[in-house]
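Chemist: Enclosed is the structure file structure_30.csv (CSV, N, CA and C atoms).
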```
chain,number,residue,atom,x,y,z
A,1,MET,N,9.8,-2.6,-51.6
A,1,MET,CA,9.2,-3.0,-50.4
A,1,MET,C,9.0,-1.9,-49.5
A,2,LYS,N,8.0,-2.0,-48.6
A,2,LYS,CA,7.7,-1.0,-47.6
A,2,LYS,C,7.5,-1.6,-46.2
A,3,VAL,N,7.8,-0.9,-45.2
A,3,VAL,CA,7.5,-1.3,-43.8
A,3,VAL,C,7.2,-0.1,-43.0
A,4,THR,N,6.3,-0.2,-42.0
A,4,THR,CA,6.0,0.9,-41.1
A,4,THR,C,6.4,0.5,-39.7
A,5,GLY,N,7.0,1.5,-39.0
A,5,GLY,CA,7.4,1.3,-37.7
A,5,GLY,C,7.7,2.6,-37.0
A,6,LYS,N,8.1,2.5,-35.7
A,6,LYS,CA,8.4,3.7,-34.9
A,6,LYS,C,9.9,3.9,-35.0
A,7,LEU,N,10.3,5.2,-35.3
A,7,LEU,CA,11.8,5.5,-35.3
A,7,LEU,C,12.3,5.5,-33.9
A,8,VAL,N,13.3,4.6,-33.7
A,8,VAL,CA,13.8,4.4,-32.3
A,8,VAL,C,15.3,4.9,-32.2
A,9,LYS,N,16.0,5.0,-33.3
A,9,LYS,CA,17.4,5.4,-33.2
A,9,LYS,C,17.9,5.9,-34.5
A,10,VAL,N,18.7,7.0,-34.4
A,10,VAL,CA,19.3,7.6,-35.6
A,10,VAL,C,20.8,7.6,-35.3
A,11,LEU,N,21.6,6.8,-36.0
A,11,LEU,CA,23.0,6.7,-35.8
A,11,LEU,C,23.8,7.9,-36.4
A,12,ASP,N,25.0,8.1,-36.0
A,12,ASP,CA,25.8,9.2,-36.5
A,12,ASP,C,26.1,9.0,-38.0
A,13,LYS,N,26.2,10.2,-38.7
A,13,LYS,CA,26.5,10.2,-40.1
A,13,LYS,C,28.0,9.6,-40.3
A,14,GLN,N,28.2,8.9,-41.3
A,14,GLN,CA,29.5,8.4,-41.7
A,14,GLN,C,29.9,9.0,-43.0
A,15,GLN,N,31.1,9.5,-43.2
A,15,GLN,CA,31.5,10.0,-44.5
A,15,GLN,C,32.9,9.7,-44.8
A,16,GLY,N,33.3,9.8,-46.0
A,16,GLY,CA,34.6,9.5,-46.5
A,16,GLY,C,34.9,9.8,-47.9
A,17,THR,N,36.0,9.4,-48.4
A,17,THR,CA,36.4,9.7,-49.8
A,17,THR,C,36.7,8.3,-50.4
A,18,THR,N,36.3,8.1,-51.7
A,18,THR,CA,36.6,6.9,-52.4
A,18,THR,C,38.0,7.0,-52.9
A,19,GLN,N,38.5,5.8,-53.4
A,19,GLN,CA,39.9,5.8,-54.0
A,19,GLN,C,40.0,6.8,-55.2
A,20,LYS,N,38.8,7.0,-55.9
A,20,LYS,CA,38.8,7.9,-57.0
A,20,LYS,C,38.7,9.4,-56.6
A,21,GLY,N,38.5,9.6,-55.3
A,21,GLY,CA,38.4,11.0,-54.9
A,21,GLY,C,37.0,11.5,-54.7
A,22,SER,N,36.0,10.7,-54.9
A,22,SER,CA,34.6,11.2,-54.7
A,22,SER,C,34.3,11.1,-53.2
A,23,GLU,N,33.6,12.1,-52.7
A,23,GLU,CA,33.1,12.1,-51.3
A,23,GLU,C,31.8,11.3,-51.2
A,24,TRP,N,31.6,10.6,-50.1
A,24,TRP,CA,30.3,9.9,-49.9
A,24,TRP,C,29.9,10.2,-48.4
A,25,VAL,N,28.6,10.0,-48.2
A,25,VAL,CA,28.0,10.1,-46.9
A,25,VAL,C,26.9,9.1,-46.7
A,26,LYS,N,26.8,8.5,-45.5
A,26,LYS,CA,25.7,7.6,-45.3
A,26,LYS,C,25.3,7.8,-43.8
A,27,GLN,N,24.0,7.3,-43.5
A,27,GLN,CA,23.5,7.4,-42.2
A,27,GLN,C,22.6,6.2,-42.0
A,28,ASP,N,22.7,5.5,-40.8
A,28,ASP,CA,21.8,4.4,-40.5
A,28,ASP,C,20.8,4.9,-39.5
A,29,PHE,N,19.6,4.3,-39.5
A,29,PHE,CA,18.6,4.5,-38.6
A,29,PHE,C,17.8,3.2,-38.3
A,30,VAL,N,17.2,3.1,-37.1
A,30,VAL,CA,16.5,1.9,-36.7
A,30,VAL,C,15.0,2.2,-36.5
A,31,ILE,N,14.2,1.3,-37.0
A,31,ILE,CA,12.7,1.4,-36.6
A,31,ILE,C,12.3,0.1,-35.9
A,32,ASP,N,11.3,0.3,-35.1
A,32,ASP,CA,10.7,-0.8,-34.4
A,32,ASP,C,9.3,-1.1,-35.0
A,33,THR,N,9.2,-2.3,-35.6
A,33,THR,CA,8.0,-2.6,-36.4
A,33,THR,C,6.9,-3.3,-35.4
A,34,GLU,N,7.3,-3.5,-34.2
A,34,GLU,CA,6.4,-4.1,-33.2
A,34,GLU,C,6.0,-5.6,-33.6
A,35,ALA,N,6.8,-6.2,-34.5
A,35,ALA,CA,6.6,-7.6,-34.8
A,35,ALA,C,6.9,-8.5,-33.6
A,36,LYS,N,6.4,-9.7,-33.6
A,36,LYS,CA,6.6,-10.6,-32.5
A,36,LYS,C,8.1,-11.0,-32.4
A,37,TYR,N,8.7,-11.3,-33.6
A,37,TYR,CA,10.1,-11.7,-33.7
A,37,TYR,C,10.9,-10.7,-34.5
A,38,ASN,N,12.1,-10.4,-34.0
A,38,ASN,CA,13.0,-9.5,-34.7
A,38,ASN,C,12.3,-8.2,-35.1
A,39,PRO,N,11.8,-7.4,-34.1
A,39,PRO,CA,11.0,-6.2,-34.5
A,39,PRO,C,11.8,-5.0,-35.0
A,40,GLU,N,13.1,-5.0,-34.7
A,40,GLU,CA,13.9,-3.8,-35.1
A,40,GLU,C,14.6,-4.1,-36.4
A,41,ILE,N,14.6,-3.1,-37.3
A,41,ILE,CA,15.3,-3.2,-38.6
A,41,ILE,C,16.1,-1.9,-38.7
A,42,CYS,N,17.4,-2.1,-39.1
A,42,CYS,CA,18.3,-1.0,-39.3
A,42,CYS,C,18.4,-0.8,-40.8
A,43,PHE,N,18.1,0.5,-41.2
A,43,PHE,CA,18.2,0.9,-42.6
A,43,PHE,C,19.4,1.8,-42.9
A,44,THR,N,19.9,1.9,-44.1
A,44,THR,CA,20.9,2.8,-44.5
A,44,THR,C,20.4,3.8,-45.5
A,45,LEU,N,20.8,5.0,-45.3
A,45,LEU,CA,20.6,6.1,-46.3
A,45,LEU,C,21.9,6.4,-46.9
A,46,PHE,N,22.1,6.3,-48.2
A,46,PHE,CA,23.4,6.6,-48.8
A,46,PHE,C,23.3,7.7,-49.8
A,47,GLY,N,24.1,8.7,-49.6
A,47,GLY,CA,24.2,10.0,-50.4
A,47,GLY,C,23.5,11.1,-49.6
A,48,GLU,N,24.0,12.3,-49.8
A,48,GLU,CA,23.5,13.5,-49.1
A,48,GLU,C,22.0,13.7,-49.4
A,49,GLU,N,21.5,13.4,-50.6
A,49,GLU,CA,20.1,13.6,-50.9
A,49,GLU,C,19.2,12.7,-50.1
A,50,LYS,N,19.6,11.5,-49.9
A,50,LYS,CA,18.9,10.5,-49.1
A,50,LYS,C,19.0,10.8,-47.6
A,51,VAL,N,20.2,11.1,-47.2
A,51,VAL,CA,20.4,11.4,-45.8
A,51,VAL,C,19.5,12.6,-45.3
A,52,SER,N,19.3,13.6,-46.2
A,52,SER,CA,18.5,14.8,-45.9
A,52,SER,C,17.0,14.5,-45.8
A,53,MET,N,16.6,13.3,-46.2
A,53,MET,CA,15.2,12.9,-46.2
A,53,MET,C,14.7,12.6,-44.7
A,54,LEU,N,15.7,12.2,-43.9
A,54,LEU,CA,15.3,11.8,-42.5
A,54,LEU,C,15.1,13.1,-41.6
A,55,THR,N,13.9,13.6,-41.6
A,55,THR,CA,13.6,14.8,-40.8
A,55,THR,C,12.7,14.5,-39.6
A,56,GLN,N,12.3,13.2,-39.5
A,56,GLN,CA,11.4,12.8,-38.4
A,56,GLN,C,12.2,12.7,-37.1
A,57,SER,N,11.4,12.7,-36.0
A,57,SER,CA,12.0,12.7,-34.7
A,57,SER,C,11.9,11.3,-34.1
A,58,ILE,N,12.7,11.0,-33.1
A,58,ILE,CA,12.6,9.7,-32.4
A,58,ILE,C,11.2,9.6,-31.8
A,59,GLY,N,10.6,8.4,-32.0
A,59,GLY,CA,9.2,8.2,-31.6
A,59,GLY,C,8.2,8.3,-32.6
A,60,ASP,N,8.5,9.0,-33.7
A,60,ASP,CA,7.6,9.2,-34.8
A,60,ASP,C,7.3,7.9,-35.6
A,61,THR,N,6.1,7.7,-36.0
A,61,THR,CA,5.8,6.5,-36.9
A,61,THR,C,6.1,6.9,-38.3
A,62,ILE,N,6.9,6.0,-39.0
A,62,ILE,CA,7.3,6.3,-40.4
A,62,ILE,C,7.1,5.1,-41.3
A,63,GLU,N,6.9,5.4,-42.6
A,63,GLU,CA,6.8,4.3,-43.5
A,63,GLU,C,8.1,4.4,-44.4
A,64,VAL,N,8.8,3.3,-44.5
A,64,VAL,CA,10.1,3.3,-45.2
A,64,VAL,C,10.0,2.4,-46.4
A,65,SER,N,10.3,3.0,-47.6
A,65,SER,CA,10.4,2.2,-48.8
A,65,SER,C,11.9,1.9,-49.0
A,66,TYR,N,12.2,0.6,-49.3
A,66,TYR,CA,13.6,0.2,-49.3
A,66,TYR,C,13.9,-1.0,-50.3
A,67,ASN,N,15.1,-1.2,-50.5
A,67,ASN,CA,15.6,-2.3,-51.3
A,67,ASN,C,16.5,-3.2,-50.5
A,68,LEU,N,16.5,-4.4,-50.6
A,68,LEU,CA,17.4,-5.3,-50.0
A,68,LEU,C,18.5,-5.7,-51.0
A,69,SER,N,19.8,-5.8,-50.5
A,69,SER,CA,20.8,-6.2,-51.4
A,69,SER,C,21.8,-7.0,-50.5
A,70,SER,N,22.5,-8.0,-51.2
A,70,SER,CA,23.5,-8.8,-50.5
A,70,SER,C,24.7,-8.8,-51.4
A,71,ARG,N,25.9,-8.8,-50.7
A,71,ARG,CA,27.2,-8.8,-51.4
A,71,ARG,C,28.0,-9.9,-50.7
A,72,GLU,N,28.8,-10.5,-51.5
A,72,GLU,CA,29.8,-11.5,-51.0
A,72,GLU,C,31.1,-10.9,-50.8
A,73,TYR,N,31.8,-11.2,-49.7
A,73,TYR,CA,33.1,-10.7,-49.4
A,73,TYR,C,33.9,-11.8,-48.7
A,74,LYS,N,34.9,-12.3,-49.3
A,74,LYS,CA,35.7,-13.4,-48.8
A,74,LYS,C,34.9,-14.6,-48.3
A,75,GLY,N,33.9,-15.0,-49.1
A,75,GLY,CA,33.2,-16.1,-48.8
A,75,GLY,C,32.0,-15.9,-47.9
A,76,LYS,N,31.8,-14.7,-47.4
A,76,LYS,CA,30.6,-14.4,-46.5
A,76,LYS,C,29.7,-13.5,-47.2
A,77,TYR,N,28.4,-13.6,-46.9
A,77,TYR,CA,27.4,-12.6,-47.5
A,77,TYR,C,27.0,-11.6,-46.5
A,78,TYR,N,26.9,-10.4,-46.9
A,78,TYR,CA,26.4,-9.3,-46.1
A,78,TYR,C,25.2,-8.7,-46.7
A,79,THR,N,24.1,-8.5,-45.9
A,79,THR,CA,22.9,-8.0,-46.5
A,79,THR,C,22.6,-6.6,-45.9
A,80,GLN,N,22.1,-5.7,-46.8
A,80,GLN,CA,21.8,-4.3,-46.4
A,80,GLN,C,20.4,-3.9,-46.8
A,81,ALA,N,19.7,-3.2,-46.0
A,81,ALA,CA,18.4,-2.6,-46.3
A,81,ALA,C,18.7,-1.1,-46.6
A,82,GLN,N,18.6,-0.8,-47.9
A,82,GLN,CA,18.8,0.6,-48.3
A,82,GLN,C,17.5,1.3,-48.5
A,83,ALA,N,17.3,2.3,-47.6
A,83,ALA,CA,16.0,3.1,-47.7
A,83,ALA,C,16.2,4.1,-48.8
A,84,TRP,N,15.1,4.3,-49.6
A,84,TRP,CA,15.1,5.3,-50.7
A,84,TRP,C,13.9,6.3,-50.6
A,85,LYS,N,13.0,6.1,-49.6
A,85,LYS,CA,11.9,7.0,-49.4
A,85,LYS,C,11.4,6.8,-47.9
A,86,ILE,N,11.2,8.0,-47.3
A,86,ILE,CA,10.7,7.9,-45.9
A,86,ILE,C,9.5,8.9,-45.8
A,87,GLU,N,8.4,8.4,-45.3
A,87,GLU,CA,7.2,9.2,-45.1
A,87,GLU,C,6.7,9.1,-43.7
A,88,SER,N,6.2,10.2,-43.2
A,88,SER,CA,5.6,10.2,-41.9
A,88,SER,C,4.3,9.4,-42.0
A,89,SER,N,3.9,8.6,-41.0
A,89,SER,CA,2.8,7.8,-41.1
A,89,SER,C,1.9,8.1,-39.9
A,90,THR,N,0.6,8.2,-40.1
A,90,THR,CA,-0.3,8.4,-39.0
A,90,THR,C,-0.9,7.1,-38.6
A,91,THR,N,-1.1,6.9,-37.3
A,91,THR,CA,-1.7,5.7,-36.8
A,91,THR,C,-3.2,5.7,-37.1
A,92,GLN,N,-3.9,4.6,-37.0
A,92,GLN,CA,-5.3,4.5,-37.2
A,92,GLN,C,-6.1,5.4,-36.2
A,93,SER,N,-5.6,5.4,-35.0
A,93,SER,CA,-6.4,6.2,-33.9
A,93,SER,C,-6.3,7.7,-34.2
A,94,GLU,N,-5.2,8.1,-34.8
A,94,GLU,CA,-5.0,9.5,-35.1
A,94,GLU,C,-6.0,9.9,-36.3
A,95,GLU,N,-6.1,9.0,-37.3
A,95,GLU,CA,-7.0,9.2,-38.4
A,95,GLU,C,-8.5,9.2,-37.9
A,96,ASP,N,-8.8,8.2,-37.0
A,96,ASP,CA,-10.2,8.1,-36.4
A,96,ASP,C,-10.5,9.4,-35.7
A,97,SER,N,-9.6,9.9,-34.9
A,97,SER,CA,-9.9,11.1,-34.1
A,97,SER,C,-10.1,12.3,-35.0
A,98,PHE,N,-9.3,12.4,-36.1
A,98,PHE,CA,-9.5,13.5,-37.1
A,98,PHE,C,-10.8,13.4,-37.7
A,99,ILE,N,-11.3,12.2,-38.1
A,99,ILE,CA,-12.6,12.1,-38.8
A,99,ILE,C,-13.7,12.4,-37.8
A,100,ALA,N,-13.5,12.0,-36.5
A,100,ALA,CA,-14.5,12.3,-35.5
A,100,ALA,C,-14.7,13.8,-35.3
A,101,GLU,N,-13.6,14.6,-35.4
A,101,GLU,CA,-13.6,16.0,-35.2
A,101,GLU,C,-14.3,16.6,-36.4
A,102,LEU,N,-14.1,16.1,-37.6
A,102,LEU,CA,-14.7,16.6,-38.8
A,102,LEU,C,-16.2,16.4,-38.7
A,103,ASN,N,-16.6,15.3,-38.2
A,103,ASN,CA,-18.1,15.0,-38.1
A,103,ASN,C,-18.7,15.8,-37.1
A,104,GLU,N,-18.0,16.2,-36.0
A,104,GLU,CA,-18.6,17.1,-34.9
A,104,GLU,C,-18.8,18.5,-35.5
A,105,ASP,N,-17.9,18.9,-36.3
A,105,ASP,CA,-18.0,20.3,-36.9
A,105,ASP,C,-19.0,20.4,-38.0
A,106,SER,N,-19.4,19.3,-38.5
A,106,SER,CA,-20.3,19.3,-39.7
A,106,SER,C,-21.7,19.8,-39.3
A,107,PRO,N,-22.3,20.7,-40.2
A,107,PRO,CA,-23.6,21.2,-39.9
A,107,PRO,C,-24.7,20.2,-40.2
A,108,PHE,N,-24.4,19.1,-40.7
A,108,PHE,CA,-25.4,18.1,-41.1
A,108,PHE,C,-25.6,17.0,-40.1
```
Could you render the structure from this file as structure tokens?
Modeler:
Amino acid sequence: MKVTGKLVKVLDKQQGTTQKGSEWVKQDFVIDTEAKYNPEICFTLFGEEKVSMLTQSIGDTIEVSYNLSSREYKGKYYTQAQAWKIESSTTQSEEDSFIAELNEDSPF
């Protein structure tokens, strides 16, 4: 699944060690999709490789590819949106202005 929105918050990295001694790291971030209802979505990046993908700044428009997963714990279900790809996204107006500039410079 994919969704596009404006990056509004990057939470602190969390890290720890599993019972087996493996180290882990994760980071959450929030985008605003500008939807009418529930516009903000919090995503999780898990693992150093995924955490390092988040290079955009607050206010940038990004496209997030993600998977949804739910887990049961003591009779309750918890859902998580795990991001696996983040790309910078240009808005339509930016694309239109770029095309207009190309047309102005064209000798034809």
Chemist: Looking only at helix (DSSP H, G or I) from DSSP on the backbone, list the matching residues of chain A as a CSV table (one decimal) with N, CA and C atoms, in the coordinates of the input.
Modeler:
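The resulting file, selection.csv, is shown below:
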```csv
chain,number,residue,atom,x,y,z
A,48,GLU,N,24.0,12.3,-49.8
A,48,GLU,CA,23.5,13.5,-49.1
A,48,GLU,C,22.0,13.7,-49.4
A,49,GLU,N,21.5,13.4,-50.6
A,49,GLU,CA,20.1,13.6,-50.9
A,49,GLU,C,19.2,12.7,-50.1
A,50,LYS,N,19.6,11.5,-49.9
A,50,LYS,CA,18.9,10.5,-49.1
A,50,LYS,C,19.0,10.8,-47.6
A,51,VAL,N,20.2,11.1,-47.2
A,51,VAL,CA,20.4,11.4,-45.8
A,51,VAL,C,19.5,12.6,-45.3
A,92,GLN,N,-3.9,4.6,-37.0
A,92,GLN,CA,-5.3,4.5,-37.2
A,92,GLN,C,-6.1,5.4,-36.2
A,93,SER,N,-5.6,5.4,-35.0
A,93,SER,CA,-6.4,6.2,-33.9
A,93,SER,C,-6.3,7.7,-34.2
A,94,GLU,N,-5.2,8.1,-34.8
A,94,GLU,CA,-5.0,9.5,-35.1
A,94,GLU,C,-6.0,9.9,-36.3
A,95,GLU,N,-6.1,9.0,-37.3
A,95,GLU,CA,-7.0,9.2,-38.4
A,95,GLU,C,-8.5,9.2,-37.9
A,96,ASP,N,-8.8,8.2,-37.0
A,96,ASP,CA,-10.2,8.1,-36.4
A,96,ASP,C,-10.5,9.4,-35.7
A,97,SER,N,-9.6,9.9,-34.9
A,97,SER,CA,-9.9,11.1,-34.1
A,97,SER,C,-10.1,12.3,-35.0
A,98,PHE,N,-9.3,12.4,-36.1
A,98,PHE,CA,-9.5,13.5,-37.1
A,98,PHE,C,-10.8,13.4,-37.7
A,99,ILE,N,-11.3,12.2,-38.1
A,99,ILE,CA,-12.6,12.1,-38.8
A,99,ILE,C,-13.7,12.4,-37.8
A,100,ALA,N,-13.5,12.0,-36.5
A,100,ALA,CA,-14.5,12.3,-35.5
A,100,ALA,C,-14.7,13.8,-35.3
A,101,GLU,N,-13.6,14.6,-35.4
A,101,GLU,CA,-13.6,16.0,-35.2
A,101,GLU,C,-14.3,16.6,-36.4
A,102,LEU,N,-14.1,16.1,-37.6
A,102,LEU,CA,-14.7,16.6,-38.8
A,102,LEU,C,-16.2,16.4,-38.7
A,103,ASN,N,-16.6,15.3,-38.2
A,103,ASN,CA,-18.1,15.0,-38.1
A,103,ASN,C,-18.7,15.8,-37.1
A,104,GLU,N,-18.0,16.2,-36.0
A,104,GLU,CA,-18.6,17.1,-34.9
A,104,GLU,C,-18.8,18.5,-35.5
A,105,ASP,N,-17.9,18.9,-36.3
A,105,ASP,CA,-18.0,20.3,-36.9
A,105,ASP,C,-19.0,20.4,-38.0
```
Chemist: Which of these, A:Thr79, A:Gln14, A:Thr4, A:Thr33, has the shortest distance to Ser65 of chain A once you count only N, CA and C atoms?
Modeler: A:Thr4
Chemist: Taking (14.1, -0.6, -48.0) as a centre in this file's frame and 7 Å as the limit, can you find every polymer residue with an atom that close, using only N, CA and C atoms, and give them as a list in words?
Modeler: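 Residues close enough to count: Met1, Lys2, Val3, Phe43, Val64, Ser65, Tyr66, Asn67, Leu68, Ala81, Gln82, Ala83, Trp84 and Lys85 of chain A.
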Chemist: Keeping only N, CA and C atoms, write the selected residues as a PDB file, in the coordinates of the input.
Modeler:
```pdb
ATOM      1  N   MET A   1       9.800  -2.600 -51.600  1.00  0.00           N
ATOM      2  CA  MET A   1       9.200  -3.000 -50.400  1.00  0.00           C
ATOM      3  C   MET A   1       9.000  -1.900 -49.500  1.00  0.00           C
ATOM      4  N   LYS A   2       8.000  -2.000 -48.600  1.00  0.00           N
ATOM      5  CA  LYS A   2       7.700  -1.000 -47.600  1.00  0.00           C
ATOM      6  C   LYS A   2       7.500  -1.600 -46.200  1.00  0.00           C
ATOM      7  N   VAL A   3       7.800  -0.900 -45.200  1.00  0.00           N
ATOM      8  CA  VAL A   3       7.500  -1.300 -43.800  1.00  0.00           C
ATOM      9  C   VAL A   3       7.200  -0.100 -43.000  1.00  0.00           C
ATOM     10  N   PHE A  43      18.100   0.500 -41.200  1.00  0.00           N
ATOM     11  CA  PHE A  43      18.200   0.900 -42.600  1.00  0.00           C
ATOM     12  C   PHE A  43      19.400   1.800 -42.900  1.00  0.00           C
ATOM     13  N   VAL A  64       8.800   3.300 -44.500  1.00  0.00           N
ATOM     14  CA  VAL A  64      10.100   3.300 -45.200  1.00  0.00           C
ATOM     15  C   VAL A  64      10.000   2.400 -46.400  1.00  0.00           C
ATOM     16  N   SER A  65      10.300   3.000 -47.600  1.00  0.00           N
ATOM     17  CA  SER A  65      10.400   2.200 -48.800  1.00  0.00           C
ATOM     18  C   SER A  65      11.900   1.900 -49.000  1.00  0.00           C
ATOM     19  N   TYR A  66      12.200   0.600 -49.300  1.00  0.00           N
ATOM     20  CA  TYR A  66      13.600   0.200 -49.300  1.00  0.00           C
ATOM     21  C   TYR A  66      13.900  -1.000 -50.300  1.00  0.00           C
ATOM     22  N   ASN A  67      15.100  -1.200 -50.500  1.00  0.00           N
ATOM     23  CA  ASN A  67      15.600  -2.300 -51.300  1.00  0.00           C
ATOM     24  C   ASN A  67      16.500  -3.200 -50.500  1.00  0.00           C
ATOM     25  N   LEU A  68      16.500  -4.400 -50.600  1.00  0.00           N
ATOM     26  CA  LEU A  68      17.400  -5.300 -50.000  1.00  0.00           C
ATOM     27  C   LEU A  68      18.500  -5.700 -51.000  1.00  0.00           C
ATOM     28  N   ALA A  81      19.700  -3.200 -46.000  1.00  0.00           N
ATOM     29  CA  ALA A  81      18.400  -2.600 -46.300  1.00  0.00           C
ATOM     30  C   ALA A  81      18.700  -1.100 -46.600  1.00  0.00           C
ATOM     31  N   GLN A  82      18.600  -0.800 -47.900  1.00  0.00           N
ATOM     32  CA  GLN A  82      18.800   0.600 -48.300  1.00  0.00           C
ATOM     33  C   GLN A  82      17.500   1.300 -48.500  1.00  0.00           C
ATOM     34  N   ALA A  83      17.300   2.300 -47.600  1.00  0.00           N
ATOM     35  CA  ALA A  83      16.000   3.100 -47.700  1.00  0.00           C
ATOM     36  C   ALA A  83      16.200   4.100 -48.800  1.00  0.00           C
ATOM     37  N   TRP A  84      15.100   4.300 -49.600  1.00  0.00           N
ATOM     38  CA  TRP A  84      15.100   5.300 -50.700  1.00  0.00           C
ATOM     39  C   TRP A  84      13.900   6.300 -50.600  1.00  0.00           C
ATOM     40  N   LYS A  85      13.000   6.100 -49.600  1.00  0.00           N
ATOM     41  CA  LYS A  85      11.900   7.000 -49.400  1.00  0.00           C
ATOM     42  C   LYS A  85      11.400   6.800 -47.900  1.00  0.00           C
TER      43      LYS A  85
END
```
Chemist: Using Å and a single decimal, report how far atom CA of Gly16 of chain A sits from atom CA of Gly47 of chain A.
Modeler: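 We find that atom CA of Gly47 of chain A and atom CA of Gly16 of chain A lie 11.1 Å from each other.
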Chemist: With only N, CA and C atoms as the counted atoms, please give the residues lying no more than 8 Å from segment 28-30 of chain A, apart from itself and same-chain residues fewer than 5 positions off, as a list in words.
Modeler: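 Counting only the stated atoms, we get Gly5, Lys6, Leu7, Val8, Lys9, Val10, Leu11, Asp12, Lys13, Gln14, Glu40, Ile41, Cys42, Phe43, Thr44, Leu45 and Phe46 of chain A.
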Chemist: How would the residues just chosen look if you wrote them out with N, CA and C atoms as a compact mmCIF listing (two decimals), keeping the file's coordinate frame?
Modeler:
```txt
# COMPACT_ATOMS: atom_id res chain seq x y z
N GLY A 5 7.00 1.50 -39.00
CA GLY A 5 7.40 1.30 -37.70
C GLY A 5 7.70 2.60 -37.00
N LYS A 6 8.10 2.50 -35.70
CA LYS A 6 8.40 3.70 -34.90
C LYS A 6 9.90 3.90 -35.00
N LEU A 7 10.30 5.20 -35.30
CA LEU A 7 11.80 5.50 -35.30
C LEU A 7 12.30 5.50 -33.90
N VAL A 8 13.30 4.60 -33.70
CA VAL A 8 13.80 4.40 -32.30
C VAL A 8 15.30 4.90 -32.20
N LYS A 9 16.00 5.00 -33.30
CA LYS A 9 17.40 5.40 -33.20
C LYS A 9 17.90 5.90 -34.50
N VAL A 10 18.70 7.00 -34.40
CA VAL A 10 19.30 7.60 -35.60
C VAL A 10 20.80 7.60 -35.30
N LEU A 11 21.60 6.80 -36.00
CA LEU A 11 23.00 6.70 -35.80
C LEU A 11 23.80 7.90 -36.40
N ASP A 12 25.00 8.10 -36.00
CA ASP A 12 25.80 9.20 -36.50
C ASP A 12 26.10 9.00 -38.00
N LYS A 13 26.20 10.20 -38.70
CA LYS A 13 26.50 10.20 -40.10
C LYS A 13 28.00 9.60 -40.30
N GLN A 14 28.20 8.90 -41.30
CA GLN A 14 29.50 8.40 -41.70
C GLN A 14 29.90 9.00 -43.00
N GLU A 40 13.10 -5.00 -34.70
CA GLU A 40 13.90 -3.80 -35.10
C GLU A 40 14.60 -4.10 -36.40
N ILE A 41 14.60 -3.10 -37.30
CA ILE A 41 15.30 -3.20 -38.60
C ILE A 41 16.10 -1.90 -38.70
N CYS A 42 17.40 -2.10 -39.10
CA CYS A 42 18.30 -1.00 -39.30
C CYS A 42 18.40 -0.80 -40.80
N PHE A 43 18.10 0.50 -41.20
CA PHE A 43 18.20 0.90 -42.60
C PHE A 43 19.40 1.80 -42.90
N THR A 44 19.90 1.90 -44.10
CA THR A 44 20.90 2.80 -44.50
C THR A 44 20.40 3.80 -45.50
N LEU A 45 20.80 5.00 -45.30
CA LEU A 45 20.60 6.10 -46.30
C LEU A 45 21.90 6.40 -46.90
N PHE A 46 22.10 6.30 -48.20
CA PHE A 46 23.40 6.60 -48.80
C PHE A 46 23.30 7.70 -49.80
```
Chemist: So how many Å separate atom CA of Val51 of chain A and atom C of Ile86 of chain A, to one decimal?
Modeler: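 Atom-to-atom, atom CA of Val51 of chain A to atom C of Ile86 of chain A, that is 11.2 Å.
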Chemist: I'd like the interatomic distance between atom C of Lys50 of chain A and atom CA of Lys26 of chain A, to a tenth of an Å.
Modeler: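 According to the coordinates, atom C of Lys50 of chain A and atom CA of Lys26 of chain A are separated by 7.8 Å.
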Chemist: When distances are computed from only N, CA and C atoms, which of A:Asp32, A:Glu23, A:Glu72, A:Glu87 shows the smallest separation from Gln56 of chain A?
Modeler: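 Among the listed residues, A:Glu87 lies closest to Gln56 of chain A.
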